[in-house]
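*Asks:* Pasting data-v3.txt below, which is compact mmCIF, C-alpha atoms.
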# COMPACT_ATOMS: atom_id res chain seq x y z
CA MET A 1 34.64 131.89 76.23
CA ALA A 2 37.18 129.52 74.68
CA ASP A 3 38.50 126.69 76.80
CA HIS A 4 42.30 126.52 76.47
CA THR A 5 42.73 123.51 78.76
CA ILE A 6 44.05 120.28 77.29
CA PRO A 7 41.54 117.43 77.63
CA ASN A 8 42.64 114.91 80.26
CA ALA A 9 46.00 116.71 80.54
CA GLY A 10 47.78 115.46 83.62
CA CYS A 11 45.14 112.85 84.48
CA ASP A 12 47.00 110.17 82.55
CA PRO A 13 50.77 109.92 83.11
CA ASN A 14 51.08 108.26 79.70
CA SER A 15 49.88 111.47 78.00
CA VAL A 16 53.23 113.12 78.69
CA ARG A 17 54.88 113.53 75.29
CA ASN A 18 58.25 114.89 76.26
CA ALA A 19 60.15 116.78 78.94
CA ALA A 20 61.70 120.24 78.83
CA CYS A 21 64.33 122.00 80.89
CA ILE A 22 63.28 125.54 81.78
CA HIS A 23 65.07 128.42 83.46
CA THR A 24 63.02 130.14 86.15
CA LYS A 25 63.10 131.66 89.63
CA LYS A 26 62.82 129.49 92.73
CA ILE A 27 61.65 130.99 96.03
CA PHE A 28 64.00 129.89 98.82
CA ASP A 29 62.38 131.84 101.65
CA SER A 30 59.56 134.33 102.10
CA CYS A 31 57.64 136.16 104.81
CA GLN A 32 54.70 138.49 105.18
CA SER A 33 54.84 141.78 107.03
CA LYS A 34 52.08 143.82 108.67
CA ASP A 35 53.58 147.07 109.94
CA CYS A 36 51.82 149.79 111.89
CA ILE A 37 54.18 152.73 111.36
CA GLU A 38 53.62 155.33 114.07
CA ASP A 39 55.08 158.85 114.41
CA LEU A 40 56.34 158.97 110.83
CA ARG A 41 57.59 162.45 109.94
CA VAL A 42 56.35 163.97 106.68
CA TYR A 43 58.75 166.36 104.92
CA LEU A 44 56.42 168.85 103.27
CA THR A 45 57.00 171.02 100.24
CA CYS A 46 57.89 174.64 100.96
CA SER A 47 54.42 176.00 100.26
CA SER A 48 52.77 173.17 102.21
CA GLN A 49 55.03 173.89 105.19
CA GLU A 50 53.94 177.54 105.14
CA VAL A 51 50.31 176.43 105.23
CA LEU A 52 50.97 174.00 108.09
CA ASN A 53 52.69 176.70 110.16
CA ASN A 54 49.36 178.54 110.32
CA ALA A 55 47.13 175.48 110.65
CA GLN A 56 45.16 174.42 113.71
CA SER A 57 44.57 170.83 112.61
CA VAL A 58 44.97 168.42 109.72
CA LYS A 59 42.79 165.76 108.18
CA GLY A 60 44.17 162.54 106.77
CA GLY A 61 43.93 162.12 103.03
CA ARG A 62 45.94 159.56 101.08
CA ALA A 63 49.29 157.81 101.28
CA THR A 64 50.86 156.53 98.06
CA LEU A 65 53.83 154.18 97.97
CA VAL A 66 56.30 155.68 95.49
CA THR A 67 58.99 152.99 95.55
CA VAL A 68 60.96 150.62 97.76
CA LEU A 69 64.76 150.51 97.67
CA VAL A 70 66.10 147.04 98.51
CA SER A 71 69.63 145.90 99.33
CA LEU A 72 71.14 142.62 100.55
CA ASP A 73 73.89 141.91 103.06
CA PRO A 74 75.03 138.30 103.64
CA LEU A 75 75.24 137.18 107.25
CA HIS A 76 78.71 135.68 107.59
CA MET A 77 77.95 134.17 110.99
CA ASN A 78 74.99 132.27 109.53
CA ARG A 79 75.79 131.04 106.04
CA GLY A 80 72.97 131.12 103.54
CA PHE A 81 71.06 133.84 105.37
CA TYR A 82 70.82 137.47 104.27
CA SER A 83 69.81 140.75 105.79
CA VAL A 84 67.27 142.43 103.52
CA ASN A 85 67.30 146.20 103.98
CA MET A 86 64.22 148.04 102.68
CA THR A 87 63.49 151.75 102.46
CA TYR A 88 59.89 152.75 101.71
CA PHE A 89 59.17 156.16 100.18
CA TYR A 90 55.63 157.55 100.52
CA GLN A 91 53.88 160.56 99.09
CA ILE A 92 51.49 161.91 101.73
CA ASP A 93 48.55 164.13 100.78
CA CYS A 94 46.52 165.72 103.59
CA GLU A 95 44.26 168.71 104.20
CA ALA A 96 45.17 171.51 106.63
CA TYR A 97 42.60 173.66 108.41
CA THR A 98 43.76 177.24 108.90
CA GLY A 99 40.50 178.70 110.15
CA CYS A 100 38.98 179.10 106.71
CA ALA A 101 35.86 177.25 105.69
CA ARG A 102 37.68 175.20 103.06
CA PRO A 103 40.78 173.12 103.96
CA VAL A 104 44.04 173.63 102.07
CA PRO A 105 45.71 170.56 100.48
CA ILE A 106 49.30 169.88 101.55
CA THR A 107 51.74 167.27 100.30
CA GLY A 108 55.10 165.84 101.30
CA LEU A 109 57.39 162.84 101.53
CA ALA A 110 57.73 160.22 104.29
CA VAL A 111 60.51 157.64 104.58
CA PHE A 112 60.33 154.32 106.45
CA GLY A 113 63.16 151.81 106.94
CA LYS A 114 62.72 148.10 107.63
CA ARG A 115 65.02 145.06 107.94
CA ALA A 116 64.35 141.34 107.68
CA ILE A 117 66.44 138.14 107.82
CA LEU A 118 65.69 135.42 105.25
CA PHE A 119 67.36 132.29 103.91
CA GLY A 120 68.63 132.62 100.35
CA SER A 121 71.04 129.67 100.10
CA GLU A 122 74.50 129.91 98.55
CA CYS A 123 75.65 129.75 94.95
CA ALA A 124 79.13 129.95 93.44
CA THR A 125 78.12 130.21 89.78
CA LYS A 126 78.40 133.44 87.80
CA LEU A 127 75.65 134.39 85.38
CA PHE A 128 76.46 136.43 82.27
CA VAL A 129 73.66 137.53 79.93
CA SER A 130 74.07 139.04 76.47
CA ASP A 131 72.69 142.53 76.05
CA SER A 132 71.88 142.82 72.36
CA GLU A 133 70.54 146.37 72.70
CA ARG A 134 73.82 147.72 74.02
CA CYS A 135 75.83 145.77 71.46
CA ASP A 136 73.71 147.16 68.60
CA LYS A 137 74.40 150.67 69.86
CA GLY A 138 78.14 149.97 69.98
CA ASN A 139 78.27 150.50 73.74
CA PRO A 140 79.11 147.13 75.31
CA THR A 141 79.52 147.06 79.08
CA ILE A 142 81.17 144.65 81.47
CA SER A 143 78.62 143.20 83.87
CA ILE A 144 79.77 142.15 87.32
CA PRO A 145 77.79 139.07 88.37
CA SER A 146 76.63 138.60 91.94
CA SER A 147 76.20 135.37 93.87
CA ASN A 148 73.48 136.91 96.05
CA PRO A 149 69.85 135.95 95.55
CA ASP A 150 67.26 138.41 94.28
CA ALA A 151 65.14 140.12 96.92
CA VAL A 152 61.58 140.87 95.83
CA VAL A 153 59.22 143.10 97.83
CA GLU A 154 55.56 142.78 96.88
CA THR A 155 53.38 145.42 98.50
CA VAL A 156 50.34 147.67 98.19
CA ASP A 157 49.65 151.31 98.99
CA PRO A 158 49.49 151.84 102.77
CA ILE A 159 46.44 152.79 104.80
CA LEU A 160 46.64 156.29 106.24
CA LEU A 161 45.43 155.66 109.79
CA ASP A 162 46.08 159.06 111.36
CA ALA A 163 47.60 162.49 110.69
CA TYR A 164 48.47 165.10 113.30
CA ILE A 165 50.54 168.23 113.97
CA ARG A 166 53.45 168.46 116.36
CA THR A 167 55.53 171.44 117.44
CA PRO A 168 59.01 169.91 117.77
CA CYS A 169 60.77 173.22 118.42
CA GLY A 170 64.10 172.60 120.08
CA GLN A 171 64.12 168.86 119.38
CA PRO A 172 67.21 167.22 117.79
CA ASP A 173 67.55 166.52 114.10
CA LEU A 174 65.46 163.58 112.86
CA GLY A 175 68.26 162.31 110.66
CA CYS A 176 66.85 162.82 107.17
CA SER A 177 68.30 165.00 104.42
CA THR A 178 67.83 165.48 100.71
CA THR A 179 71.19 163.81 100.07
CA SER A 180 69.74 160.47 101.23
CA ILE A 181 66.71 160.72 98.92
CA PRO A 182 67.10 159.74 95.25
CA LYS A 183 66.72 162.65 92.86
CA GLU A 184 64.06 160.74 90.90
CA ILE A 185 61.83 160.81 93.99
CA LEU A 186 62.49 164.49 94.66
CA ALA A 187 61.51 165.21 91.05
CA LEU A 188 57.99 163.95 91.74
CA PHE A 189 57.26 167.14 93.68
CA ASP A 190 56.75 170.50 91.99
CA GLU A 191 58.93 172.33 94.52
CA PRO A 192 61.71 171.53 97.03
CA LEU A 193 60.98 169.77 100.28
CA THR A 194 61.45 171.38 103.69
CA MET A 195 63.98 169.18 105.51
CA SER A 196 64.39 171.44 108.56
CA SER A 197 64.52 169.58 111.90
CA ASP A 198 63.12 172.57 113.83
CA PRO A 199 59.94 173.79 112.09
CA CYS A 200 57.17 175.67 113.87
CA HIS A 201 54.81 172.82 112.98
CA ALA A 202 55.62 169.33 111.72
CA LEU A 203 53.26 166.82 110.15
CA TYR A 204 53.29 163.25 111.45
CA VAL A 205 51.27 160.27 110.23
CA THR A 206 50.49 156.70 111.19
CA LEU A 207 50.48 154.19 108.33
CA GLY A 208 49.40 150.58 108.00
CA GLN A 209 51.60 148.70 105.53
CA PHE A 210 51.20 145.16 104.15
CA SER A 211 54.14 143.56 102.35
CA ILE A 212 55.42 140.19 101.16
CA LEU A 213 59.18 139.62 100.94
CA ARG A 214 60.91 136.74 99.22
CA LEU A 215 64.40 135.66 98.16
CA GLU A 216 64.72 134.04 94.74
CA ARG A 217 67.46 132.38 92.69
CA ASP A 218 67.76 131.24 89.08
CA VAL A 219 67.30 127.48 88.78
CA HIS A 220 66.85 124.87 86.05
CA LEU A 221 63.79 122.63 86.31
CA MET A 222 62.64 119.61 84.30
CA LEU A 223 58.92 119.78 83.43
CA PRO A 224 56.67 117.39 81.51
CA ILE A 225 55.23 118.51 78.16
CA TYR A 226 51.70 117.39 77.29
CA ASP A 227 51.07 119.27 74.05
CA CYS A 228 51.64 122.55 72.27
CA CYS A 229 49.57 125.45 73.51
CA ILE A 230 47.90 126.89 70.42
CA PRO A 231 45.20 129.55 70.92
CA ASP A 232 41.91 128.82 69.18
CA LYS A 233 40.60 132.39 69.43
CA GLU A 234 40.72 134.43 66.24
CA CYS A 235 42.11 137.95 66.27
CA ASN A 236 39.29 140.27 65.25
CA CYS A 237 37.60 143.47 66.31
CA ASP A 238 33.95 142.73 65.62
CA ILE A 239 32.91 144.30 68.91
CA CYS A 240 34.78 147.58 68.29
CA ASP A 241 31.88 149.14 66.42
CA ASN A 242 29.14 147.79 68.66
CA ASP A 243 27.04 149.97 70.89
CA PRO A 244 28.75 150.34 74.31
CA CYS A 245 25.53 149.65 76.21
CA GLU A 246 24.85 146.57 74.10
CA LEU A 247 28.35 145.33 74.85
CA PHE A 248 27.87 146.05 78.56
CA GLN A 249 24.70 143.95 78.62
CA LYS A 250 26.77 140.94 77.55
CA VAL A 251 29.12 141.30 80.51
CA GLN A 252 28.30 138.83 83.27
CA PHE A 253 27.45 140.26 86.66
CA PRO A 254 30.56 140.02 88.95
CA VAL A 255 28.90 137.97 91.68
CA GLU A 256 32.22 136.97 93.24
CA GLN A 257 33.08 140.61 93.96
CA PHE A 258 29.94 140.98 96.06
CA CYS A 259 30.41 137.71 97.98
CA PRO A 260 33.29 137.70 100.49
CA PRO A 261 35.43 134.57 100.18
CA CYS A 262 35.11 131.88 102.82
CA LYS A 263 37.82 131.46 105.42
CA SER A 264 38.64 127.97 104.20
CA CYS A 265 37.60 126.06 101.11
CA ASP A 266 36.97 122.32 101.06
CA LEU A 267 39.01 121.32 98.05
CA ASP A 268 39.78 117.79 96.99
CA PRO A 269 43.45 116.85 97.45
CA LEU A 270 45.38 116.54 94.22
CA ASP A 271 48.04 114.05 93.27
CA GLU A 272 51.33 114.89 91.55
CA PHE A 273 49.57 115.04 88.17
CA GLY A 274 46.90 117.50 89.31
CA CYS A 275 44.11 114.89 89.53
CA SER A 276 41.65 114.49 92.37
CA LYS A 277 42.57 111.68 94.75
CA THR A 278 38.95 111.16 95.74
CA LYS A 279 37.83 110.22 92.25
Could you write out this structure as structure tokens?

*Replies:*
Amino acid sequence: MADHTIPNAGCDPNSVRNAACIHTKKIFDSCQSKDCIEDLRVYLTCSSQEVLNNAQSVKGGRATLVTVLVSLDPLHMNRGFYSVNMTYFYQIDCEAYTGCARPVPITGLAVFGKRAILFGSECATKLFVSDSERCDKGNPTISIPSSNPDAVVETVDPILLDAYIRTPCGQPDLGCSTTSIPKEILALFDEPLTMSSDPCHALYVTLGQFSILRLERDVHLMLPIYDCCIPDKECNCDICDNDPCELFQKVQFPVEQFCPPCKSCDLDPLDEFGCSKTK
């Protein structure tokens, strides 16, 4: 495997050839979230709801995170802080037992709302970016810049911890309707969802969700330049016609995937140039 590192790069301050100003994102605040979402209602498709009405029990299957809608509201009483409002949309797939030997698959949508407070600083500048694609099509638009930071939600599919049936007959409306769900999400299902608040049977789940939230802003940074990064690997396809098993034999065994990482690693401290202080 080719080594693309620059010899002695960063170990000698005098090797810096120049400096460059770059435009990038700076993280002003971030947090991690570990949510155990209990009693989350699943709005099933019409055919799945019919199956559930005759079911005695359900078995948990899979929960897939479809998307997360994110919005920001500045906190006027605490300048620089923002309320980050997140709405998680999940596709839930379970199996219902109706007395037959083989369970029947059912599917539906679950919605979870969450709010967090983070620091995003303040900025009075307005950023305008050219959109060459729209200009080429003769359809220029006026962009309205925002002084708010960018909220980024980094997450994974949740863990489906439990699934169960409830009979909420006579209970009040749970406050969800198709008007509050984007049409792009509704289009993921082959048929309409049952949004009734008084079904004979209702499916509820418990999910475990891990997320990382951060607020970012555009900044300009000055960075040292050591050298140009030129790849030394040639573009070819010599291995395309090789035998697949022969190619597989050349792949190194992934030892690191079978060895759990240690809780803490004893690494040498590095100075500002990325060099070990102990050497």

*Asks:* Can you work out the spacing between CA of Val66 (chain A) and CA of Glu191 (chain A) in Å, to one decimal?

*Replies:*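 CA of Glu191 (chain A) lies at a distance of 16.9 Å from CA of Val66 (chain A).
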
*Asks:* Could you jot down the CA of Leu215 (chain A) to CA of Val84 (chain A) separation for me, Å, one decimal place?

*Replies:* 9.1 Å

*Asks:* Leaving out Gln32 (chain A) and any residue of its chain fewer than 3 positions from it, which residues lie within 12 Å of it when counting only C-alpha atoms, given as a list in words?

*Replies:*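 That gives Asp29, Asp35, Ala116, Leu118, Val152, Val153, Glu154, Thr155, Gln209, Phe210, Ser211, Ile212, Leu213 and Arg214 of chain A.
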
*Asks:* Dump C-alpha atoms for the selected residues as a PDB file, in the coordinates of the input?

*Replies:*
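That gives us again-v4.pdb:
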ATOM      1  CA  ASP A  29      62.380 131.840 101.650  1.00  0.00           C
ATOM      2  CA  ASP A  35      53.580 147.070 109.940  1.00  0.00           C
ATOM      3  CA  ALA A 116      64.350 141.340 107.680  1.00  0.00           C
ATOM      4  CA  LEU A 118      65.690 135.420 105.250  1.00  0.00           C
ATOM      5  CA  VAL A 152      61.580 140.870  95.830  1.00  0.00           C
ATOM      6  CA  VAL A 153      59.220 143.100  97.830  1.00  0.00           C
ATOM      7  CA  GLU A 154      55.560 142.780  96.880  1.00  0.00           C
ATOM      8  CA  THR A 155      53.380 145.420  98.500  1.00  0.00           C
ATOM      9  CA  GLN A 209      51.600 148.700 105.530  1.00  0.00           C
ATOM     10  CA  PHE A 210      51.200 145.160 104.150  1.00  0.00           C
ATOM     11  CA  SER A 211      54.140 143.560 102.350  1.00  0.00           C
ATOM     12  CA  ILE A 212      55.420 140.190 101.160  1.00  0.00           C
ATOM     13  CA  LEU A 213      59.180 139.620 100.940  1.00  0.00           C
ATOM     14  CA  ARG A 214      60.910 136.740  99.220  1.00  0.00           C
TER      15      ARG A 214
END

*Asks:* Pick out the closest residue to Ser71 (chain A) from this set: A:Val42, A:Met195, A:Ile117, A:Ala55. Count only C-alpha atoms.

*Replies:* A:Ile117

*Asks:* Could you tell me which of A:Leu127, A:Met77, A:Leu69, A:Cys46 comes closest to Ile106 (chain A) if we count only C-alpha atoms?

*Replies:*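 Of A:Leu127, A:Met77, A:Leu69, A:Cys46, the one nearest Ile106 (chain A) is A:Cys46, counting only C-alpha atoms.
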
*Asks:* What is the distance, in Å and to one decimal place, between CA of Leu188 (chain A) and CA of Val111 (chain A)?

*Replies:*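 Going from CA of Leu188 (chain A) over to CA of Val111 (chain A) covers 14.5 Å.
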
*Asks:* Kindly indicate which residue among A:Ser33, A:Ser130, A:Thr45, A:Thr206 lies nearest to Gly60 (chain A), using all atoms listed in the file for the distances.

*Replies:*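 Looking only at the distances to Gly60 (chain A), the closest residue turns out to be A:Thr206.
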
*Asks:* From the set A:Cys235, A:Ala187, A:Leu72, A:Ala96, which residue has the shortest atom-to-atom contact distance to Leu109 (chain A), counting all atoms listed in the file?

*Replies:* A:Ala187

*Asks:* Ranking A:Lys34, A:Lys114, A:Lys126, A:Lys26 by minimum distance to Val156 (chain A) and counting all atoms listed in the file, which one comes first?

*Replies:*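 Counting all atoms listed in the file, the residue closest to Val156 (chain A) is A:Lys34.
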
*Asks:* Tell me which of A:Arg62, A:Asp162, A:Gln49, A:Pro224 sits closest to Ala19 (chain A), counting only C-alpha atoms.

*Replies:*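 Closest to Ala19 (chain A) of all the choices is A:Pro224.
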
*Asks:* Within 9 Å of Asn18 (chain A), counting all atoms listed in the file, which residues qualify if same-chain residues fewer than 3 places away don't, as a VMD selection string?

*Replies:* chain A and resid 223 to 227

*Asks:* Could you put an axis-aligned box around every listed atom of region 63-82 of chain A, padded by 5 Å on each side, and send me its centre and edge lengths in Å to one decimal, as AutoDock Vina command-line options?

*Replies:*
--center_x 64.0 --center_y 144.4 --center_z 103.2 --size_x 39.4 --size_y 36.8 --size_z 25.5

*Asks:* Please list as a VMD selection string every residue within 10 Å of Leu40 (chain A), counting only C-alpha atoms and excluding residues in the same chain fewer than 6 positions away.

*Replies:* chain A and resid 110 to 112 163 203 to 207

*Asks:* Write the residues you've just listed into a file as a PDB file, keeping the file's coordinate frame, and include C-alpha atoms for each of them.

*Replies:*
ATOM      1  CA  ALA A 110      57.730 160.220 104.290  1.00  0.00           C
ATOM      2  CA  VAL A 111      60.510 157.640 104.580  1.00  0.00           C
ATOM      3  CA  PHE A 112      60.330 154.320 106.450  1.00  0.00           C
ATOM      4  CA  ALA A 163      47.600 162.490 110.690  1.00  0.00           C
ATOM      5  CA  LEU A 203      53.260 166.820 110.150  1.00  0.00           C
ATOM      6  CA  TYR A 204      53.290 163.250 111.450  1.00  0.00           C
ATOM      7  CA  VAL A 205      51.270 160.270 110.230  1.00  0.00           C
ATOM      8  CA  THR A 206      50.490 156.700 111.190  1.00  0.00           C
ATOM      9  CA  LEU A 207      50.480 154.190 108.330  1.00  0.00           C
TER      10      LEU A 207
END

*Asks:* Got a sec: who's within 12 Å of region 100-103 of chain A, counting all atoms listed in the file, leaving out chain neighbours fewer than 4 positions off, as a VMD selection string?

*Replies:* chain A and resid 51 to 52 54 to 61 94 to 96

*Asks:* Residues near Thr67 (chain A), anyone? I mean within 8 Å using all atoms listed in the file, not counting same-chain ones fewer than 3 positions away, as a PyMOL selection string.

*Replies:* chain A and resi 88-90
